[in-house]
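Student: Enclosed is the structure file query-v4.txt (compact mmCIF, C-alpha atoms and all ligand atoms).
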# COMPACT_ATOMS: atom_id res chain seq x y z
CA MET A 24 -12.21 10.82 -4.26
CA MET A 25 -10.79 7.53 -5.46
CA ASN A 26 -12.28 4.13 -4.79
CA ILE A 27 -9.24 1.88 -4.46
CA PRO A 28 -9.65 -1.90 -4.92
CA CYS A 29 -8.14 -3.81 -2.00
CA PRO A 30 -7.57 -7.50 -2.74
CA PHE A 31 -8.85 -8.43 0.76
CA CYS A 32 -11.63 -5.85 1.37
CA GLY A 33 -12.79 -4.90 -2.12
CA PRO A 34 -13.22 -1.28 -3.24
CA ARG A 35 -12.63 1.22 -0.43
CA ASN A 36 -12.52 4.97 -0.04
CA GLU A 37 -9.07 6.48 -0.61
CA ALA A 38 -9.19 7.98 2.93
CA GLU A 39 -8.52 4.48 4.31
CA PHE A 40 -5.21 4.26 2.41
CA ALA A 41 -1.73 5.72 2.70
CA PHE A 42 0.15 6.53 -0.50
CA GLY A 43 3.29 4.43 -0.85
CA GLY A 44 4.77 6.25 -3.84
CA PRO A 45 5.33 5.20 -7.43
CA VAL A 46 6.84 1.83 -8.18
CA LYS A 47 10.48 2.51 -9.01
CA PRO A 48 12.13 0.86 -11.98
CA HIS A 49 14.22 -2.21 -11.31
CA ARG A 50 17.50 -1.33 -9.55
CA PRO A 51 20.31 -1.59 -12.09
CA ASP A 52 23.73 -2.98 -11.25
CA PRO A 53 25.67 0.21 -10.49
CA ASN A 54 28.81 -1.30 -12.05
CA ALA A 55 27.06 -2.22 -15.27
CA VAL A 56 25.45 1.14 -16.10
CA SER A 57 26.84 4.58 -16.85
CA GLU A 58 27.01 7.26 -14.18
CA VAL A 59 24.24 9.15 -15.95
CA GLU A 60 21.95 6.10 -15.89
CA TRP A 61 22.76 5.43 -12.24
CA THR A 62 22.12 9.06 -11.24
CA GLN A 63 18.89 8.93 -13.21
CA TYR A 64 17.80 5.83 -11.27
CA ILE A 65 18.73 7.40 -7.90
CA THR A 66 17.17 10.82 -8.41
CA THR A 67 14.30 10.56 -10.88
CA VAL A 68 10.89 9.69 -9.48
CA PRO A 69 8.44 8.32 -12.06
CA ASN A 70 5.99 11.17 -12.73
CA PRO A 71 4.35 10.63 -16.11
CA LEU A 72 1.40 12.50 -17.58
CA GLY A 73 -0.80 9.44 -17.77
CA PRO A 74 -0.80 6.00 -16.18
CA VAL A 75 1.69 5.47 -13.34
CA GLU A 76 2.22 2.34 -11.27
CA GLU A 77 1.80 3.06 -7.57
CA ARG A 78 1.90 1.35 -4.17
CA TRP A 79 -0.87 1.97 -1.66
CA TRP A 80 -1.20 0.73 1.91
CA HIS A 81 -4.63 -0.12 3.34
CA VAL A 82 -3.46 1.25 6.65
CA LYS A 83 -6.89 2.00 8.17
CA GLY A 84 -8.27 -1.27 6.81
CA CYS A 85 -6.78 -4.74 6.60
CA GLY A 86 -3.13 -3.67 6.34
CA THR A 87 -2.53 -5.00 2.81
CA TRP A 88 -0.01 -3.33 0.50
CA LEU A 89 -1.26 -3.23 -3.08
CA THR A 90 -0.20 -1.97 -6.48
CA ILE A 91 -2.43 -0.09 -8.91
CA TRP A 92 -2.07 1.91 -12.09
CA ARG A 93 -3.48 5.44 -11.75
CA ASP A 94 -3.91 7.92 -14.57
CA THR A 95 -2.39 11.16 -13.27
CA ARG A 96 -4.66 13.23 -15.55
CA THR A 97 -7.97 11.82 -14.27
CA HIS A 98 -7.21 9.85 -11.07
CA ASP A 99 -8.91 6.91 -12.79
CA ILE A 100 -7.54 3.54 -11.80
CA VAL A 101 -6.65 1.94 -15.12
CA GLU A 102 -5.26 -1.26 -16.50
CA GLY A 103 -1.48 -1.31 -16.58
CA PRO A 104 0.54 -2.51 -19.55
CA GLY A 105 0.99 -5.91 -17.87
CA ASP A 106 -2.65 -6.28 -16.83
CA ALA A 107 -4.16 -7.01 -20.25
CA GLY A 108 -5.82 -10.41 -20.40
CA MET B 23 -30.91 18.51 13.99
CA THR B 24 -30.59 15.75 16.53
CA TYR B 25 -30.42 12.02 16.05
CA ASP B 26 -32.40 9.35 17.82
CA ALA B 27 -29.36 7.30 18.83
CA LYS B 28 -27.74 6.19 22.06
CA ILE B 29 -23.98 6.29 22.54
CA ASP B 30 -22.38 3.99 25.08
CA ARG B 31 -18.72 3.60 25.91
CA LEU B 32 -18.38 -0.11 26.60
CA PRO B 33 -16.26 -1.73 29.28
CA ILE B 34 -13.04 -3.39 28.12
CA PHE B 35 -13.43 -6.65 26.20
CA ALA B 36 -11.08 -9.61 26.23
CA LEU B 37 -9.29 -9.33 22.87
CA PHE B 38 -6.77 -11.64 21.26
CA ASP B 39 -4.90 -10.89 18.04
CA LEU B 40 -4.41 -14.11 16.05
CA LYS B 41 -1.95 -14.21 13.14
CA GLY B 42 -0.71 -16.97 10.88
CA PRO B 43 -2.01 -19.59 8.46
CA GLN B 44 -5.66 -20.44 9.18
CA GLU B 45 -4.99 -24.16 9.20
CA ALA B 46 -2.30 -23.87 11.88
CA LEU B 47 -4.38 -21.44 13.95
CA SER B 48 -7.56 -23.50 13.85
CA LYS B 49 -5.57 -26.56 14.86
CA TRP B 50 -4.12 -24.71 17.87
CA ALA B 51 -7.05 -22.51 18.89
CA LYS B 52 -9.64 -25.24 19.24
CA ASP B 53 -12.22 -23.48 21.44
CA THR B 54 -12.78 -20.39 19.27
CA PRO B 55 -15.88 -19.86 17.15
CA ALA B 56 -15.53 -21.50 13.72
CA PHE B 57 -13.19 -19.59 11.44
CA PRO B 58 -15.29 -17.21 9.27
CA LYS B 59 -15.78 -18.22 5.64
CA GLY B 60 -14.46 -15.05 4.06
CA PRO B 61 -12.64 -11.73 4.47
CA ASN B 62 -14.26 -9.20 6.82
CA LYS B 63 -16.73 -11.77 8.16
CA LEU B 64 -17.33 -12.85 11.74
CA THR B 65 -18.68 -15.85 13.62
CA HIS B 66 -20.07 -16.27 17.13
CA LYS B 67 -19.92 -18.97 19.77
CA ALA B 68 -21.58 -18.22 23.10
CA SER B 69 -20.31 -14.72 24.04
CA ALA B 70 -17.19 -14.95 21.84
CA THR B 71 -16.81 -13.40 18.38
CA LEU B 72 -14.09 -14.25 15.86
CA CYS B 73 -13.45 -11.57 13.23
CA HIS B 74 -11.45 -12.11 10.03
CA ILE B 75 -9.84 -8.67 9.85
CA GLY B 76 -6.95 -9.10 7.44
CA PRO B 77 -4.93 -11.61 5.42
CA ARG B 78 -3.90 -14.36 7.85
CA ARG B 79 -5.25 -12.24 10.71
CA TRP B 80 -8.20 -12.65 13.10
CA LEU B 81 -9.42 -10.88 16.22
CA LEU B 82 -11.13 -12.81 19.01
CA ARG B 83 -13.48 -10.79 21.25
CA ASP B 84 -15.24 -11.95 24.38
CA ASP B 85 -16.43 -10.54 27.69
CA LEU B 86 -13.57 -9.54 29.96
CA GLU B 87 -14.56 -12.12 32.58
CA ASN B 88 -13.56 -14.84 30.09
CA GLU B 89 -10.08 -13.43 29.44
CA ALA B 90 -8.26 -15.79 31.78
CA THR B 91 -10.07 -18.79 30.31
CA TRP B 92 -9.04 -17.73 26.81
CA SER B 93 -5.44 -17.10 27.92
CA ALA B 94 -5.33 -20.65 29.26
CA SER B 95 -7.03 -22.12 26.20
CA LEU B 96 -5.04 -20.21 23.57
CA ASN B 97 -1.82 -20.57 25.57
CA PRO B 98 0.16 -17.97 23.56
CA GLU B 99 3.50 -18.81 25.18
CA GLU B 100 3.43 -22.38 23.90
CA ALA B 101 2.00 -21.61 20.44
CA PRO B 102 3.86 -23.01 17.41
CA ALA B 103 6.37 -20.73 15.73
CA ASP B 104 4.27 -20.17 12.59
CA ILE B 105 1.41 -18.54 14.49
CA SER B 106 1.19 -15.55 16.80
CA ILE B 107 -1.37 -15.00 19.55
CA VAL B 108 -1.24 -11.75 21.51
CA ARG B 109 -3.61 -10.52 24.19
CA VAL B 110 -4.57 -6.96 23.25
CA SER B 111 -7.59 -6.40 25.51
CA ASP B 112 -6.49 -3.01 26.83
CA THR B 113 -5.55 -1.53 23.44
CA GLN B 114 -9.08 -0.88 22.12
CA THR B 115 -11.97 1.27 23.31
CA PHE B 116 -15.41 0.16 22.11
CA PHE B 117 -18.39 2.41 21.53
CA ARG B 118 -21.92 1.13 20.97
CA ILE B 119 -24.18 3.26 18.79
CA THR B 120 -27.79 2.05 18.89
CA GLY B 121 -31.24 3.32 18.03
CA PRO B 122 -33.30 4.23 14.94
CA ASP B 123 -30.66 6.70 13.71
CA ALA B 124 -27.57 4.62 14.55
CA SER B 125 -26.59 4.30 10.89
CA GLU B 126 -27.03 8.07 10.38
CA VAL B 127 -24.57 8.72 13.20
CA MET B 128 -22.17 6.13 11.78
CA SER B 129 -22.28 7.78 8.37
CA ILE B 130 -21.01 11.07 9.83
CA GLY B 131 -17.70 9.50 10.80
CA CYS B 132 -17.40 6.49 8.53
CA THR B 133 -17.10 6.26 4.75
CA LEU B 134 -17.92 2.56 4.62
CA ASP B 135 -21.27 1.55 3.10
CA LEU B 136 -23.08 0.11 6.14
CA HIS B 137 -26.39 -0.70 4.39
CA PRO B 138 -27.51 -4.19 5.52
CA ALA B 139 -27.40 -5.39 1.90
CA VAL B 140 -23.67 -4.67 1.86
CA PHE B 141 -22.70 -4.84 5.53
CA ALA B 142 -24.77 -7.68 6.98
CA ASP B 143 -24.95 -9.15 10.48
CA ASP B 144 -21.87 -11.28 9.81
CA ALA B 145 -19.79 -8.36 8.50
CA VAL B 146 -16.86 -6.76 10.30
CA SER B 147 -14.12 -4.49 9.05
CA TYR B 148 -11.41 -2.11 9.96
CA THR B 149 -12.23 1.21 8.36
CA GLU B 150 -12.08 4.91 9.15
CA PHE B 151 -14.19 6.48 11.90
CA PHE B 152 -13.80 10.23 12.53
CA GLY B 153 -10.33 9.99 10.99
CA CYS B 154 -9.16 7.07 13.16
CA LYS B 155 -8.60 3.47 12.23
CA ALA B 156 -11.59 1.66 13.71
CA LEU B 157 -13.13 -1.79 13.85
CA VAL B 158 -16.82 -1.73 12.92
CA LEU B 159 -19.36 -4.51 13.39
CA ARG B 160 -23.08 -4.77 13.95
CA CYS B 161 -24.74 -5.29 17.32
CA GLU B 162 -28.41 -5.50 18.24
CA HIS B 163 -30.12 -2.28 16.99
CA GLY B 164 -26.86 -0.67 15.90
CA PHE B 165 -23.11 -0.85 15.64
CA ASP B 166 -20.05 -1.50 17.77
CA CYS B 167 -17.02 0.56 16.89
CA ALA B 168 -13.55 0.18 18.40
CA VAL B 169 -10.66 2.61 18.21
CA GLU B 170 -7.16 2.55 19.64
CA GLN B 171 -7.75 3.32 23.32
CA SER B 172 -5.81 6.60 23.41
CA PHE B 173 -8.32 8.03 20.88
CA GLY B 174 -11.27 7.05 23.07
CA ASN B 175 -11.90 10.46 24.61
CA MET B 176 -11.56 12.19 21.25
CA ILE B 177 -14.05 9.85 19.58
CA LYS B 178 -16.42 10.26 22.54
CA ASP B 179 -16.23 14.01 22.01
CA PHE B 180 -16.90 13.67 18.26
CA LEU B 181 -19.90 11.43 18.97
CA ASN B 182 -21.25 13.85 21.58
CA ARG B 183 -21.02 16.73 19.11
CA ALA B 184 -22.54 14.67 16.31
CA THR B 185 -25.54 13.75 18.41
CA ALA B 186 -25.93 16.98 20.40
ZN ZN C 1 -8.04 -4.09 2.75
Would you give me this structure, written as structure tokens?
Tutor:
Amino acid sequence: MMNIPCPFCGPRNEAEFAFGGPVKPHRPDPNAVSEVEWTQYITTVPNPLGPVEERWWHVKGCGTWLTIWRDTRTHDIVEGPGDAG
Amino acid sequence: MTYDAKIDRLPIFALFDLKGPQEALSKWAKDTPAFPKGPNKLTHKASATLCHIGPRRWLLRDDLENEATWSASLNPEEAPADISIVRVSDTQTFFRITGPDASEVMSIGCTLDLHPAVFADDAVSYTEFFGCKALVLRCEHGFDCAVEQSFGNMIKDFLNRATA
């Protein structure tokens, strides 16, 4: 069971949240990238072995949407590459 | 085993859902209890309770007999465009769980830490209660717990089984 930090409520049980999926990479300009790159963006869901950036919705709590980094090997909530400092 | 706790299904409360910037709301809604100092905190004034339940979101609860007075005072129809006030009295069913084992009964359906050191008299929160989204706050000798009204009978059944 994960304890997910909500910016409004503090750490809460994962049962109070709905999973909002991984954060997708920035949408490229379809005219500026190759068809392969565009298809990759459309069809490939981030699914790394390790830290992944995800959206969660505190649906049974305060209603806040939040973003965390979760390590897919351990379910630990970890610091993302941009979180240092 | 059985629990020494009393379960009551409470009559409908007057409830108003208040949304918007706190400054604008407190300027408009002058008769409410003072706005709570932090997230998931509540304040009282006479029989009314103001709960800070989400970012830019509060719930005002009072006895049903005061609903018309609040409607007149909050005057939702005339409220400024940056705030929203909606009467939601009939959307929530409240249960009152009281007695020496009230917190034991709560812990069956609720994952929130309700120890007084963490969840004090001025605490309130939406959380999970027997799988439903529920508002939880303290009352004298126990807890009040509100769920969306269509889940009322189901929660009553869960509570009956839990305390049978
Ligand atoms: Zn929250």
Student: Which of these, A:Asn26, A:Cys32, A:Pro69, A:Pro48, has the shortest distance to ligand ZN 1 (chain C) once you count all atoms listed in the file?
Tutor: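 Looking at the shortest contact to ligand ZN 1 (chain C), the residue is A:Cys32.
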Student: At a cut-off of 7 Å, list the chain B residues touching chain A, using only C-alpha atoms, as a list in words.
Tutor: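 Residues of chain B within 7 Å of chain A, counting only C-alpha atoms: Pro61, Asn62, Ile75, Gly76, Pro77, Thr133, Tyr148, Thr149, Glu150 and Lys155 of chain B.
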Student: Do you know which residues are at most 6 Å from segment 75-80 of chain A counting only C-alpha atoms, after dropping those on the same chain fewer than 4 positions away, and could you put them as a list in words?
Tutor: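 So, after excluding close chain neighbours, the residues are Phe40, Ala41, Phe42, Gly43, Gly44, Pro45, Val46, Thr87, Trp88, Leu89, Thr90, Ile91, Trp92 and Arg93 of chain A.
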Student: For the atom pair atom CA of Pro58 of chain B and atom CA of Gly174 of chain B, what is the interatomic distance in Å to one decimal place?
Tutor: 28.2 Å
Student: Kindly extract all protein, DNA and RNA residues lying within 6 Å of the coordinates (-2.6, -10.8, 19.4) given in the file, considering only C-alpha atoms, and supply them as an NGL selection string.
Tutor: :B and (38-40 or 107-110)
Student: What gap, in Å, lies between atom CA of Gly153 of chain B and atom CA of Gln171 of chain B?
Tutor: 14.3 Å
Student: In Å, rounded to a single decimal, give me how far atom CA of Thr91 of chain B is from atom CA of Thr120 of chain B.
Tutor: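 Interatomic distance here is 29.6 Å.
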Student: With only C-alpha atoms and all ligand atoms as the atoms that count, which of B:Arg160, B:Thr185, B:Ser48, B:Arg79 lies nearest to ligand ZN 1 (chain C)?
Tutor: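 Smallest separation from ligand ZN 1 (chain C) among the options: B:Arg79.
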Student: Which is closer to Phe180 of chain B than all the others in B:Gly131, B:Arg83, B:Arg118, B:Ser147, using all atoms listed in the file?
Tutor: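 Of B:Gly131, B:Arg83, B:Arg118, B:Ser147, the one nearest Phe180 of chain B is B:Gly131, counting all atoms listed in the file.
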Student: Between B:Thr115, B:Pro43, B:Thr71, B:Ala36, which residue has the minimum interatomic distance to Glu87 of chain B, considering only C-alpha atoms?
Tutor: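 That would be B:Ala36, the residue with the smallest distance to Glu87 of chain B.
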Student: Can you pull out every residue within 7 Å of Gly73 of chain A, counting all atoms listed in the file, but drop anything in the same chain fewer than 5 positions away, and send it as a PyMOL selection string?
Tutor: chain A and resi 94-96
Student: Within 9 Å of Ile177 of chain B, counting all atoms listed in the file, which residues qualify if same-chain residues fewer than 6 places away don't, as a list in words?
Tutor: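 Close residues of Ile177 of chain B: Phe117, Phe151, Phe152, Cys154 and Val169 of chain B.
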Student: Which residues, written as a list in words, have at least one atom at most 10 Å from Lys63 of chain B, with only C-alpha atoms counted and residues fewer than 6 positions away on the same chain left out?
Tutor: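 These residues fall inside the cut-off: Phe57, Leu72, Cys73, His74, Ile75, Trp80, Phe141, Ala142, Asp143, Asp144, Ala145, Val146, Ser147 and Leu159 of chain B.
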Student: Smallest atom-to-atom distance to ligand ZN 1 (chain C): which of A:Thr62, A:Pro53, A:Ile27, A:His98, using all atoms listed in the file?
Tutor: A:Ile27
Student: Report as a PyMOL selection string all protein, DNA and RNA residues lying within 9 Å of Ile105 of chain B, evaluated on all atoms listed in the file, omitting residues in the same chain fewer than 3 positions from it.
Tutor: chain B and resi 40-43+46-47+50+101-102
